[in-house]
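Containing CSV, C-alpha atoms: entry_38.csv.
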chain,number,residue,atom,x,y,z
A,1,MET,CA,-15.6,2.9,-0.1
A,2,ASP,CA,-14.4,0.6,2.6
A,3,LYS,CA,-10.9,1.1,4.1
A,4,THR,CA,-10.1,-2.7,4.2
A,5,PHE,CA,-11.1,-3.0,0.5
A,6,ILE,CA,-8.7,-0.2,-0.4
A,7,MET,CA,-5.9,-1.7,1.7
A,8,LYS,CA,-6.4,-5.0,-0.1
A,9,ARG,CA,-6.3,-3.3,-3.4
A,10,PHE,CA,-3.0,-1.5,-2.6
A,11,LEU,CA,-1.5,-4.7,-1.2
A,12,ARG,CA,-2.5,-6.7,-4.3
A,13,LYS,CA,-1.0,-4.1,-6.6
A,14,LEU,CA,2.4,-4.2,-4.7
A,15,ILE,CA,2.4,-8.0,-4.7
A,16,ASN,CA,1.7,-8.2,-8.4
A,17,LEU,CA,4.5,-5.7,-9.1
A,18,ASN,CA,6.8,-7.7,-6.7
A,19,ILE,CA,7.6,-4.6,-4.6
A,20,TRP,CA,9.2,-6.2,-1.5
A,21,GLY,CA,11.9,-4.9,0.8
A,22,GLY,CA,14.5,-2.9,-1.2
A,23,ARG,CA,12.3,-2.3,-4.2
A,24,HIS,CA,9.9,0.7,-3.7
A,25,THR,CA,7.4,2.9,-5.5
A,26,GLU,CA,6.0,6.3,-5.0
A,27,LEU,CA,2.8,6.8,-3.1
A,28,THR,CA,1.2,8.4,-6.1
A,29,ASN,CA,1.9,5.3,-8.2
A,30,LEU,CA,0.1,3.3,-5.6
A,31,LYS,CA,-3.0,5.4,-5.8
A,32,LYS,CA,-3.2,4.7,-9.6
A,33,CYS,CA,-4.9,1.4,-8.9
A,34,LEU,CA,-8.0,3.4,-7.7
A,35,PRO,CA,-10.6,5.2,-9.9
A,36,LYS,CA,-9.7,8.9,-10.4
A,37,HIS,CA,-12.7,10.2,-8.5
A,38,LEU,CA,-11.5,8.4,-5.3
A,39,ARG,CA,-7.8,9.4,-5.3
A,40,GLY,CA,-8.1,12.5,-3.2
A,41,GLU,CA,-10.5,11.1,-0.5
A,42,LYS,CA,-9.6,11.0,3.2
A,43,VAL,CA,-10.4,7.3,3.4
A,44,ILE,CA,-7.5,6.6,1.0
A,45,GLU,CA,-5.1,8.4,3.4
A,46,GLY,CA,-6.6,6.5,6.3
A,47,ALA,CA,-6.0,3.2,4.5
A,48,ILE,CA,-2.4,4.1,3.8
A,49,LYS,CA,-1.8,5.1,7.4
A,50,GLU,CA,-3.5,1.9,8.6
A,51,SER,CA,-1.2,-0.2,6.4
A,52,ILE,CA,1.9,1.5,7.7
A,53,ARG,CA,0.6,1.1,11.3
A,54,ASN,CA,0.0,-2.6,10.7
A,55,GLY,CA,3.5,-3.0,9.4
A,56,PHE,CA,2.4,-4.0,5.9
A,57,PHE,CA,4.3,-1.1,4.3
A,58,SER,CA,7.8,0.1,4.8
A,59,THR,CA,8.2,3.8,4.0
A,60,LYS,CA,11.2,5.6,2.7
A,61,GLN,CA,11.8,9.3,1.9
A,62,SER,CA,13.2,9.5,-1.6
A,63,THR,CA,13.4,12.3,-4.2
A,64,GLY,CA,11.1,14.5,-2.1
A,65,GLU,CA,8.3,11.9,-2.2
A,66,ILE,CA,7.4,9.1,0.2
A,67,HIS,CA,8.1,5.7,-1.3
A,68,VAL,CA,6.5,2.5,0.0
A,69,SER,CA,7.3,-1.2,-0.3
A,70,LEU,CA,5.9,-4.4,1.3
A,71,ASN,CA,7.4,-5.5,4.5
A,72,SER,CA,9.2,-8.8,3.8
A,73,GLU,CA,8.9,-9.9,7.5
A,74,LYS,CA,5.1,-9.7,7.4
A,75,GLN,CA,4.8,-11.6,4.1
A,76,GLN,CA,2.6,-14.4,5.6
A,77,GLU,CA,0.3,-11.9,7.4
A,78,ILE,CA,0.0,-9.8,4.2
A,79,TYR,CA,-1.1,-12.9,2.1
A,80,SER,CA,-3.6,-14.0,4.7
A,81,PHE,CA,-5.1,-10.4,4.9
A,82,VAL,CA,-5.5,-10.2,1.1
A,83,LYS,CA,-7.2,-13.7,1.0
A,84,GLU,CA,-9.8,-12.7,3.6
Write-out of the structure in structure tokens:
Amino acid sequence: MDKTFIMKRFLRKLINLNIWGGRHTELTNLKKCLPKHLRGEKVIEGAIKESIRNGFFSTKQSTGEIHVSLNSEKQQEIYSFVKE
């Protein structure tokens, strides 16, 4: 499975759920958009870290879990990345 494909899938899910800025969701909920046999793979963790490094995700520690939301300041960049 390709890392950019997974990143696009995560971004599309958050865009469809309208998770921008103050709204956030658990990392485990984000992984639910993938087939069950892929959820524990290392490439998934790499895609999440890459998205955070690119500034697409904002992270927040909440209720003992890491929560993510889309970075509102990178909205145009996120849409162009998903369209590629």
- In Å and to one decimal, CA of Asn54 (chain A) is distant from CA of Leu70 (chain A) by 11.2 Å
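Compared by their closest atoms to Met7 (chain A), and using all atoms listed in the file, the residues A:Gly46, A:Gly64, A:Gly21, A:Gly40 rank with A:Gly46 nearest.
When all atoms listed in the file are used to measure the gap to Glu26 (chain A), the shortest distance among A:Lys74, A:Gly55, A:Lys42, A:Thr63 belongs to A:Thr63.
Taking CA of Gln76 (chain A) and CA of Leu38 (chain A) as the two end points, the separation is 28.9 Å.
If you look at CA of Arg23 (chain A) and CA of Glu41 (chain A), they are 26.7 Å away from each other.
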- A:Glu84, A:Glu65, A:Glu77, A:Asp2 ranked by distance to Leu27 (chain A), top pick (using all atoms listed in the file): A:Glu65
Centre, x/y/z edge lengths, axis-aligned box for region 6-23 of chain A with 4 Å per side, as AutoDock Vina command-line options:
--center_x 2.9 --center_y -4.2 --center_z -3.7 --size_x 31.2 --size_y 16.0 --size_z 18.8
- Message: Applying 12 Å and all atoms listed in the file, which residues near His24 (chain A) remain after dropping the ones on its own chain fewer than 3 positions away? List them as a VMD selection string.
- Response: chain A and resid 14 to 15 17 to 21 27 to 30 57 to 62 65 to 71
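Nearest to Arg12 (chain A) of all the residues A:Glu45, A:Phe56, A:Glu73, A:Lys36 is A:Phe56, counting only C-alpha atoms.
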